[in-house]
Each structure stands twice: as C-alpha cells, then as structure tokens.
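Printed here is input_17.pdb (PDB, C-alpha atoms):
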```pdb
MODEL        1
ATOM      1  CA  MET A   1     120.013-102.159 -51.210
ATOM      2  CA  ASP A   2     121.955 -99.607 -49.164
ATOM      3  CA  LEU A   3     122.040-100.121 -45.410
ATOM      4  CA  ILE A   4     121.888 -97.144 -43.079
ATOM      5  CA  THR A   5     125.002 -97.241 -40.943
ATOM      6  CA  LYS A   6     124.930 -93.707 -39.582
ATOM      7  CA  LEU A   7     122.235 -91.302 -38.452
ATOM      8  CA  GLU A   8     122.281 -87.534 -38.243
ATOM      9  CA  GLY A   9     119.892 -85.249 -36.371
ATOM     10  CA  SER A  10     118.804 -83.726 -39.671
ATOM     11  CA  ASP A  11     117.604 -87.132 -40.899
ATOM     12  CA  VAL A  12     114.535 -86.797 -38.673
ATOM     13  CA  ASP A  13     113.221 -83.873 -40.715
ATOM     14  CA  GLY A  14     113.399 -85.975 -43.869
ATOM     15  CA  TYR A  15     110.949 -88.519 -42.474
ATOM     16  CA  GLU A  16     107.477 -88.461 -44.062
ATOM     17  CA  TRP A  17     105.486 -87.362 -41.008
ATOM     18  CA  ARG A  18     102.204 -86.041 -42.509
ATOM     19  CA  TRP A  19     100.218 -87.102 -39.432
ATOM     20  CA  ILE A  20      97.239 -84.938 -40.392
ATOM     21  CA  ALA A  21      96.696 -87.020 -43.519
ATOM     22  CA  LYS A  22      97.128 -90.246 -41.531
ATOM     23  CA  TYR A  23      95.060 -89.578 -38.426
ATOM     24  CA  GLU A  24      92.840 -86.516 -38.921
ATOM     25  CA  ASP A  25      89.590 -88.308 -39.855
ATOM     26  CA  GLU A  26      89.801 -90.693 -36.903
ATOM     27  CA  ILE A  27      90.560 -87.940 -34.390
ATOM     28  CA  VAL A  28      87.833 -85.646 -35.760
ATOM     29  CA  GLU A  29      85.319 -88.474 -35.351
ATOM     30  CA  GLU A  30      86.244 -89.103 -31.709
ATOM     31  CA  LEU A  31      86.306 -85.409 -30.763
ATOM     32  CA  THR A  32      82.941 -84.884 -32.475
ATOM     33  CA  LYS A  33      81.396 -87.717 -30.453
ATOM     34  CA  ALA A  34      82.695 -86.349 -27.151
ATOM     35  CA  TYR A  35      81.642 -82.746 -27.893
ATOM     36  CA  SER A  36      78.157 -83.813 -29.073
ATOM     37  CA  SER A  37      77.569 -86.062 -26.060
ATOM     38  CA  ALA A  38      78.439 -83.310 -23.580
ATOM     39  CA  PHE A  39      76.327 -80.736 -25.438
ATOM     40  CA  VAL A  40      73.226 -82.963 -25.514
ATOM     41  CA  LEU A  41      73.581 -83.935 -21.846
ATOM     42  CA  GLU A  42      73.750 -80.261 -20.902
ATOM     43  CA  MET A  43      70.947 -79.210 -23.249
ATOM     44  CA  PRO A  44      68.397 -82.028 -23.675
ATOM     45  CA  GLY A  45      65.878 -81.703 -26.466
ATOM     46  CA  ILE A  46      68.097 -79.934 -28.984
ATOM     47  CA  PRO A  47      68.116 -81.579 -32.463
ATOM     48  CA  PHE A  48      71.131 -83.872 -32.554
ATOM     49  CA  GLU A  49      71.877 -83.031 -36.194
ATOM     50  CA  SER A  50      72.523 -79.367 -35.385
ATOM     51  CA  VAL A  51      74.778 -80.359 -32.490
ATOM     52  CA  GLN A  52      76.788 -82.680 -34.730
ATOM     53  CA  GLN A  53      77.339 -79.918 -37.279
ATOM     54  CA  ARG A  54      78.590 -77.568 -34.569
ATOM     55  CA  ALA A  55      80.733 -80.331 -33.042
ATOM     56  CA  ALA A  56      82.270 -81.341 -36.385
ATOM     57  CA  LEU A  57      83.319 -77.772 -37.186
ATOM     58  CA  TRP A  58      84.953 -77.414 -33.776
ATOM     59  CA  ALA A  59      86.582 -80.876 -33.952
ATOM     60  CA  LYS A  60      88.062 -80.211 -37.392
ATOM     61  CA  THR A  61      89.970 -77.170 -36.154
ATOM     62  CA  LYS A  62      90.924 -78.777 -32.839
ATOM     63  CA  ALA A  63      92.159 -81.978 -34.498
ATOM     64  CA  ALA A  64      94.454 -80.072 -36.847
ATOM     65  CA  ASP A  65      95.970 -78.069 -33.973
ATOM     66  CA  LEU A  66      96.305 -81.214 -31.834
ATOM     67  CA  ILE A  67      98.015 -83.269 -34.534
ATOM     68  CA  VAL A  68     100.457 -80.500 -35.423
ATOM     69  CA  GLY A  69     101.305 -80.015 -31.738
ATOM     70  CA  VAL A  70     101.809 -83.712 -30.980
ATOM     71  CA  GLU A  71     103.743 -84.178 -34.217
ATOM     72  CA  GLU A  72     106.136 -81.335 -33.407
ATOM     73  CA  VAL A  73     106.741 -82.552 -29.840
ATOM     74  CA  THR A  74     107.371 -86.077 -31.136
ATOM     75  CA  ARG A  75     109.636 -84.877 -33.944
ATOM     76  CA  GLN A  76     111.684 -82.787 -31.501
ATOM     77  CA  ARG A  77     112.034 -85.693 -29.065
ATOM     78  CA  VAL A  78     113.230 -88.039 -31.839
ATOM     79  CA  ARG A  79     115.627 -85.350 -33.070
ATOM     80  CA  ASP A  80     117.081 -84.976 -29.550
ATOM     81  CA  ILE A  81     117.566 -88.747 -29.168
ATOM     82  CA  VAL A  82     119.274 -89.050 -32.530
ATOM     83  CA  SER A  83     121.536 -86.053 -31.906
ATOM     84  CA  ALA A  84     122.563 -87.351 -28.461
ATOM     85  CA  ASN A  85     123.364 -90.784 -29.871
ATOM     86  CA  VAL A  86     125.377 -89.269 -32.729
ATOM     87  CA  LEU A  87     127.552 -87.426 -30.189
ATOM     88  CA  GLU A  88     128.030 -90.635 -28.217
ATOM     89  CA  GLY A  89     128.817 -92.650 -31.343
ATOM     90  CA  ALA A  90     125.946 -95.081 -30.716
ATOM     91  CA  SER A  91     124.959 -97.532 -33.428
ATOM     92  CA  VAL A  92     121.860 -97.202 -35.597
ATOM     93  CA  GLN A  93     120.412-100.299 -33.920
ATOM     94  CA  ASN A  94     120.826 -98.855 -30.402
ATOM     95  CA  THR A  95     119.388 -95.506 -31.485
ATOM     96  CA  THR A  96     116.406 -97.216 -33.094
ATOM     97  CA  LYS A  97     115.739 -99.246 -29.942
ATOM     98  CA  GLN A  98     115.971 -96.151 -27.737
ATOM     99  CA  ILE A  99     113.448 -94.324 -29.921
ATOM    100  CA  ARG A 100     111.100 -97.313 -29.928
ATOM    101  CA  ASP A 101     111.271 -97.672 -26.131
ATOM    102  CA  ASP A 102     110.987 -93.940 -25.386
ATOM    103  CA  TYR A 103     107.927 -92.539 -23.564
ATOM    104  CA  ILE A 104     107.071 -90.447 -26.620
ATOM    105  CA  PHE A 105     105.887 -93.616 -28.411
ATOM    106  CA  SER A 106     104.500 -95.423 -25.376
ATOM    107  CA  LYS A 107     100.923 -96.561 -24.819
ATOM    108  CA  LYS A 108     100.903 -94.564 -21.581
ATOM    109  CA  ARG A 109     101.517 -91.311 -23.449
ATOM    110  CA  ALA A 110      98.827 -92.221 -25.979
ATOM    111  CA  ARG A 111      96.310 -92.823 -23.173
ATOM    112  CA  VAL A 112      97.176 -89.526 -21.469
ATOM    113  CA  VAL A 113      96.779 -87.574 -24.717
ATOM    114  CA  ALA A 114      93.523 -89.353 -25.570
ATOM    115  CA  ARG A 115      92.049 -88.865 -22.094
ATOM    116  CA  THR A 116      93.080 -85.211 -21.912
ATOM    117  CA  GLU A 117      91.787 -84.306 -25.361
ATOM    118  CA  THR A 118      88.517 -86.153 -24.755
ATOM    119  CA  ALA A 119      88.090 -84.190 -21.525
ATOM    120  CA  PHE A 120      88.771 -80.994 -23.476
ATOM    121  CA  ALA A 121      86.108 -81.897 -26.044
ATOM    122  CA  LEU A 122      83.609 -82.686 -23.283
ATOM    123  CA  GLY A 123      84.374 -79.378 -21.585
ATOM    124  CA  GLN A 124      83.932 -77.408 -24.793
ATOM    125  CA  GLY A 125      80.679 -79.190 -25.612
ATOM    126  CA  GLN A 126      79.267 -78.450 -22.172
ATOM    127  CA  LYS A 127      80.345 -74.813 -22.414
ATOM    128  CA  GLY A 128      78.773 -74.491 -25.858
ATOM    129  CA  ALA A 129      75.456 -75.771 -24.539
ATOM    130  CA  ALA A 130      75.617 -73.428 -21.538
ATOM    131  CA  ILE A 131      76.171 -70.426 -23.810
ATOM    132  CA  ALA A 132      73.349 -71.546 -26.109
ATOM    133  CA  GLN A 133      71.015 -71.584 -23.087
ATOM    134  CA  GLY A 134      72.004 -68.094 -22.033
ATOM    135  CA  ARG A 135      73.839 -69.082 -18.864
ATOM    136  CA  ASP A 136      76.227 -66.416 -17.681
ATOM    137  CA  GLU A 137      78.220 -67.902 -14.786
ATOM    138  CA  LYS A 138      80.482 -70.897 -14.271
ATOM    139  CA  ARG A 139      82.230 -72.621 -11.391
ATOM    140  CA  TRP A 140      85.115 -75.101 -11.241
ATOM    141  CA  THR A 141      84.526 -78.286  -9.226
ATOM    142  CA  THR A 142      87.470 -80.528  -8.389
ATOM    143  CA  SER A 143      87.326 -84.285  -8.850
ATOM    144  CA  GLY A 144      89.712 -87.231  -9.147
ATOM    145  CA  ASP A 145      93.436 -86.495  -8.986
ATOM    146  CA  ILE A 146      93.377 -82.925  -7.665
ATOM    147  CA  ASP A 147      96.140 -80.523  -8.642
ATOM    148  CA  ASP A 148      96.969 -77.226  -6.896
ATOM    149  CA  VAL A 149      95.924 -75.429 -10.078
ATOM    150  CA  CYS A 150      92.483 -77.040  -9.853
ATOM    151  CA  LEU A 151      92.110 -76.139  -6.178
ATOM    152  CA  GLU A 152      92.854 -72.520  -7.021
ATOM    153  CA  ASN A 153      90.259 -72.599  -9.794
ATOM    154  CA  GLU A 154      87.656 -74.054  -7.427
ATOM    155  CA  ALA A 155      88.417 -71.443  -4.766
ATOM    156  CA  ALA A 156      87.581 -68.690  -7.259
ATOM    157  CA  GLY A 157      83.880 -69.570  -6.918
ATOM    158  CA  TRP A 158      81.346 -68.417  -9.489
ATOM    159  CA  LEU A 159      82.792 -66.375 -12.376
ATOM    160  CA  ALA A 160      81.335 -64.713 -15.436
ATOM    161  CA  ILE A 161      81.166 -67.312 -18.201
ATOM    162  CA  ALA A 162      83.542 -65.345 -20.440
ATOM    163  CA  ASP A 163      86.207 -64.882 -17.737
ATOM    164  CA  PRO A 164      89.141 -67.302 -17.465
ATOM    165  CA  PHE A 165      89.772 -69.265 -14.292
ATOM    166  CA  PRO A 166      92.924 -68.390 -12.287
ATOM    167  CA  SER A 167      94.837 -71.045 -14.257
ATOM    168  CA  GLY A 168      94.022 -69.196 -17.491
ATOM    169  CA  HIS A 169      91.700 -71.946 -18.767
ATOM    170  CA  ASP A 170      88.117 -71.200 -19.754
ATOM    171  CA  THR A 171      86.957 -74.725 -18.911
ATOM    172  CA  VAL A 172      88.322 -78.203 -18.129
ATOM    173  CA  PRO A 173      90.881 -79.703 -18.287
ATOM    174  CA  ALA A 174      93.579 -77.693 -16.543
ATOM    175  CA  HIS A 175      96.287 -80.352 -16.929
ATOM    176  CA  PRO A 176      96.804 -83.861 -18.349
ATOM    177  CA  ASN A 177      94.527 -86.448 -16.677
ATOM    178  CA  CYS A 178      92.413 -83.665 -15.142
ATOM    179  CA  ARG A 179      88.997 -85.050 -14.153
ATOM    180  CA  CYS A 180      87.430 -81.880 -12.775
ATOM    181  CA  VAL A 181      84.160 -80.469 -14.103
ATOM    182  CA  VAL A 182      82.795 -76.982 -14.678
ATOM    183  CA  ARG A 183      79.214 -76.184 -13.726
ATOM    184  CA  TYR A 184      77.121 -73.431 -15.269
ATOM    185  CA  ARG A 185      74.149 -71.392 -14.117
ATOM    186  CA  THR A 186      72.117 -68.294 -14.902
ATOM    187  CA  LYS A 187      72.917 -65.808 -12.153
ATOM    188  CA  ALA A 188      69.476 -64.149 -12.166
ATOM    189  CA  LEU A 189      67.810 -67.503 -11.507
ATOM    190  CA  SER A 190      70.247 -68.561  -8.798
ATOM    191  CA  GLU A 191      70.713 -65.565  -6.509
ATOM    192  CA  ASP A 192      69.140 -65.942  -3.078
ATOM    193  CA  GLU A 193      67.097 -62.775  -2.732
ATOM    194  CA  VAL A 194      64.679 -63.804   0.008
ATOM    195  CA  THR A 195      63.204 -61.283   2.439
ATOM    196  CA  VAL A 196      61.890 -62.871   5.641
ATOM    197  CA  ILE A 197      60.680 -61.010   8.750
ATOM    198  CA  SER A 198      61.811 -63.434  11.422
ATOM    199  CA  PRO A 199      64.083 -63.552  14.452
ATOM    200  CA  LEU A 200      65.748 -66.634  12.990
ATOM    201  CA  SER A 201      69.368 -66.398  11.961
ATOM    202  CA  SER A 202      70.184 -66.164   8.264
ATOM    203  CA  GLU A 203      71.810 -69.616   8.464
ATOM    204  CA  LEU A 204      68.593 -71.215   9.750
ATOM    205  CA  ILE A 205      66.564 -69.367   7.133
ATOM    206  CA  GLN A 206      68.789 -70.717   4.375
ATOM    207  CA  GLN A 207      68.484 -74.228   5.781
ATOM    208  CA  SER A 208      64.684 -73.948   5.751
ATOM    209  CA  ILE A 209      64.503 -73.023   2.067
ATOM    210  CA  SER A 210      63.478 -75.985  -0.064
ATOM    211  CA  ARG A 211      65.270 -76.292  -3.384
ATOM    212  CA  ILE A 212      65.266 -78.508  -6.436
ATOM    213  CA  GLU A 213      68.423 -79.288  -8.394
ATOM    214  CA  ASP A 214      67.094 -78.822 -11.932
ATOM    215  CA  PHE A 215      63.864 -76.941 -12.648
ATOM    216  CA  ARG A 216      62.517 -77.975 -16.061
ATOM    217  CA  CYS A 217      59.456 -76.881 -17.963
ATOM    218  CA  VAL A 218      56.645 -79.431 -17.669
ATOM    219  CA  GLY A 219      55.648 -78.675 -21.235
ATOM    220  CA  CYS A 220      58.889 -78.920 -23.215
ATOM    221  CA  ASN A 221      61.358 -80.241 -20.594
ATOM    222  CA  ARG A 222      63.717 -77.315 -21.181
ATOM    223  CA  LEU A 223      65.990 -76.411 -18.276
ATOM    224  CA  LEU A 224      64.711 -73.202 -16.675
ATOM    225  CA  GLY A 225      67.150 -73.012 -13.786
ATOM    226  CA  ARG A 226      69.387 -74.800 -11.307
ATOM    227  CA  GLN A 227      69.180 -74.715  -7.501
ATOM    228  CA  VAL A 228      65.791 -73.009  -7.763
ATOM    229  CA  VAL A 229      63.857 -72.178  -4.603
ATOM    230  CA  THR A 230      60.561 -74.070  -4.448
ATOM    231  CA  GLY A 231      57.652 -71.817  -5.380
ATOM    232  CA  THR A 232      59.687 -69.677  -7.789
ATOM    233  CA  ARG A 233      57.774 -68.598 -10.917
ATOM    234  CA  ILE A 234      59.704 -68.638 -14.194
ATOM    235  CA  MET A 235      58.401 -67.923 -17.685
ATOM    236  CA  CYS A 236      59.306 -70.561 -20.295
ATOM    237  CA  ARG A 237      60.116 -68.610 -23.432
ATOM    238  CA  HIS A 238      59.603 -71.706 -25.581
ATOM    239  CA  CYS A 239      56.112 -72.558 -24.332
ATOM    240  CA  LYS A 240      55.309 -68.928 -23.470
ATOM    241  CA  SER A 241      53.852 -70.144 -20.162
ATOM    242  CA  GLU A 242      54.679 -69.456 -16.543
ATOM    243  CA  ARG A 243      55.973 -72.447 -14.570
ATOM    244  CA  ILE A 244      56.117 -72.841 -10.789
ATOM    245  CA  ALA A 245      58.981 -74.771  -9.201
TER
ENDMDL
END
```
What would you get if you wrote out this structure as structure tokens?
Amino acid sequence: MDLITKLEGSDVDGYEWRWIAKYEDEIVEELTKAYSSAFVLEMPGIPFESVQQRAALWAKTKAADLIVGVEEVTRQRVRDIVSANVLEGASVQNTTKQIRDDYIFSKKRARVVARTETAFALGQGQKGAAIAQGRDEKRWTTSGDIDDVCLENEAAGWLAIADPFPSGHDTVPAHPNCRCVVRYRTKALSEDEVTVISPLSSELIQQSISRIEDFRCVGCNRLLGRQVVTGTRIMCRHCKSERIA
C-alpha cells in the first residue's frame, strides 16, 4: 500500500466530493419542514398536503444550490490550506490536522449554516403564504442580534411585497444568524382613512381608535386583515358573507 508523502493543491479536485448525492435528501427534508411550518402558521386552514408539495419543490431547488455553494467554498478553503502548506514544506500529517481543525469543518460553522438556511426557509414559506392570501405590502422587523443592514431594512417601513429591502433581500435573513422577521399586510385593509369632525388632535383620535390584531372570519377562520379598526365591515370571499370586526 502506497503512503501519501506529499500533497499538491490539485489533489483537492481529485477528491470524490459529490455532496449532493450524500446530503440532498436530508437537507430537502429539513427545508421542507421549515417552509411548510411557516406557510401554515401564516395561512391557517390550508390543506397541509398542498403546502408540502409547494415546499418540496422549493426545497429541492434550494438544497441543490445550497450544497453546491457550500461545497465550492469548502473545496476552495481546503485547496488554499494545502497550497499554503506545500509552499511552506509542511508534512502531510500537519496539513491534515490543519484541515481537520479549520473553521470550515467546525460544528460552529455547521450550526451557522443550518440556522441561516432554516431562517431562509421560514422566510420563504411565510412570504409564499402572504402572496397566496393576496397581501401586497411587507415590513422588516428587527429582532435578536441586530445588524446595521437590518436596521436600514426596518427604517424603510412598509414596502410593496415585490420590492426588495434596502439590503437587496426580499425577506429574511439578511445575514448569517439573522433573527429578524418580515410582516405582511393588505394595504387596502390597513390604511387609516377615518374622517372625524372633532377639535381633538389627530394623535388623540388615533389613540381612541380600537383595533384588533388579527381579524378572522367567524365562519371559516380565514384571516381577513391585520390591525383592523373595530367596526370595520369586510366581505369574506370564501363564505360570501360580510363580517364585522
């Protein structure tokens, strides 16, 4: 049996990577779970089977892109380590140990990737449900470890659902370990168009308006609006009945 006594940077490319074949099924399963959970939470009452089909199609494409990206970053990092050690004349044993101990193969990196990609799947599932319900606006809300990018996204306020946030993202996350959330609404159901003949200031008028967080149909429990003023009348297209908040 021949022992490897010397490494070259090109040796990395000869390694049998094929991470898609190794990990695709497992990653697709986890992304599908996260996407489906977020979709159902945002849109209660929808048949879970249809959500799973949508989630699986999205997860399949996302998993392939994710694996290829992580694989290429990892391959490049290993190639750099090997090349640097070749120039320094380091032994195979020292090179192997450096690769094994490098951040690229650490549990910390694995947790960051897993947490970030799960957040991405949750964000996409929530967005998919919002679009399915006909919502047309979104807003970034910071949470957890806040980054300047996230603060800028939050400061943008309500945007059209198809528009990107200042960071260029269409939904969370904006960076690794991002824990922010994006909220959605239907603009026509949320605008404050209240005419009051009163000497009171507009601030006091707004404070006197009673609201409910989520206004759902009493017949089918479908979400009809968010931050709805009490007394608002909204037609439920599913039940074909008018509901009063």
Region 165-167 of chain A surroundings by all atoms listed in the file, 10 Å radius, close-in-sequence under 5 positions cut, as a PyMOL selection string: chain A and resi 138-140+148-160+172+174-175
What is the CA of Tyr184 (chain A) to CA of Val218 (chain A) distance in Å? 21.5 Å
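With CA of Leu224 (chain A) on one side and CA of Pro47 (chain A) on the other, the separation reads 18.2 Å.
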Contacts of region 53-56 of chain A within 9 Å, all atoms listed in the file, excl. fewer than 5 positions in-chain, as a list in words: Val28, Glu29, Leu31, Thr32, Lys33, Ala34, Tyr35, Ser36, Phe39, Phe48, Thr61, Ala121 and Gly125 of chain A
Using the chain letters and numbers from this file, what does the PyMOL selection byres ((chain A and resi 95) around 9) select? Give the answer as a ChimeraX atom specification. /A:7,81-82,85-86,90-94,96-100
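Residues in contact range of Gly123 (chain A), defined as at most 10 Å between all atoms listed in the file, with sequence neighbours fewer than 5 positions away removed, read Ala34, Tyr35, Ala38, Phe39, Glu117, Thr118, Gly128, Asp170, Thr171, Val172, Pro173, Cys180, Val181, Val182 and Arg183 of chain A.
Put simply, CA of Gly134 (chain A) is 10.2 Å away from CA of Lys187 (chain A).
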Spatial neighbours of region 22-26 of chain A, max dist 8 Å, all atoms listed in the file, sep filter under 5 positions, as JSON, numbers by chain: {"A": [63, 64, 67]}
The PyMOL selection byres ((chain A and resi 238) around 10) - which residues does that actually catch in the file I just gave you? List them as number ranges by chain. A: 217, 219-220, 222, 235-237, 239-241
On this file, the PyMOL selection byres ((chain A and resi 129) around 9) gives some set of residues; write that set as a PyMOL selection string. chain A and resi 38-43+124-128+130-135
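Summary of the local environment: counting only C-alpha atoms, residues at most 9 Å from Val70 (chain A), other than itself and those fewer than 5 positions away along its chain, are Asp65, Arg75 and Val113 of chain A.
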Closest of A:Arg216, A:Arg179, A:Lys62, A:Arg111 to Arg243 (chain A) - atom-to-atom distances counting all atoms listed in the file: A:Arg216
Taking only C-alpha atoms, show region 81-111 of chain A of the given structure as a short mmCIF file (atom, residue, chain, number, x, y, z; two decimals), in the first residue's frame.
```
data_model
loop_
_atom_site.label_atom_id
_atom_site.label_comp_id
_atom_site.auth_asym_id
_atom_site.auth_seq_id
_atom_site.Cartn_x
_atom_site.Cartn_y
_atom_site.Cartn_z
CA ILE A 81 -4.69 25.31 3.05
CA VAL A 82 -3.00 22.61 1.00
CA SER A 83 -1.33 25.12 -1.33
CA ALA A 84 -0.04 27.22 1.58
CA ASN A 85 1.38 24.15 3.31
CA VAL A 86 3.04 22.96 0.09
CA LEU A 87 4.85 26.31 -0.18
CA GLU A 88 5.95 26.05 3.45
CA GLY A 89 7.07 22.44 3.03
CA ALA A 90 4.72 21.21 5.77
CA SER A 91 4.18 17.49 6.23
CA VAL A 92 1.05 15.62 5.16
CA GLN A 93 0.23 14.99 8.83
CA ASN A 94 0.40 18.70 9.73
CA THR A 95 -1.65 19.66 6.68
CA THR A 96 -4.27 17.05 7.53
CA LYS A 97 -4.51 18.31 11.12
CA GLN A 98 -4.84 21.92 9.97
CA ILE A 99 -7.69 20.99 7.63
CA ARG A 100 -9.43 18.97 10.34
CA ASP A 101 -9.15 21.82 12.87
CA ASP A 102 -10.13 24.59 10.43
CA TYR A 103 -13.38 26.55 10.90
CA ILE A 104 -14.65 25.25 7.56
CA PHE A 105 -15.23 21.82 9.17
CA SER A 106 -16.22 23.04 12.62
CA LYS A 107 -19.51 22.45 14.41
CA LYS A 108 -19.87 26.22 14.79
CA ARG A 109 -19.90 26.70 11.02
CA ALA A 110 -22.40 23.86 10.64
CA ARG A 111 -24.73 25.49 13.19
#
```
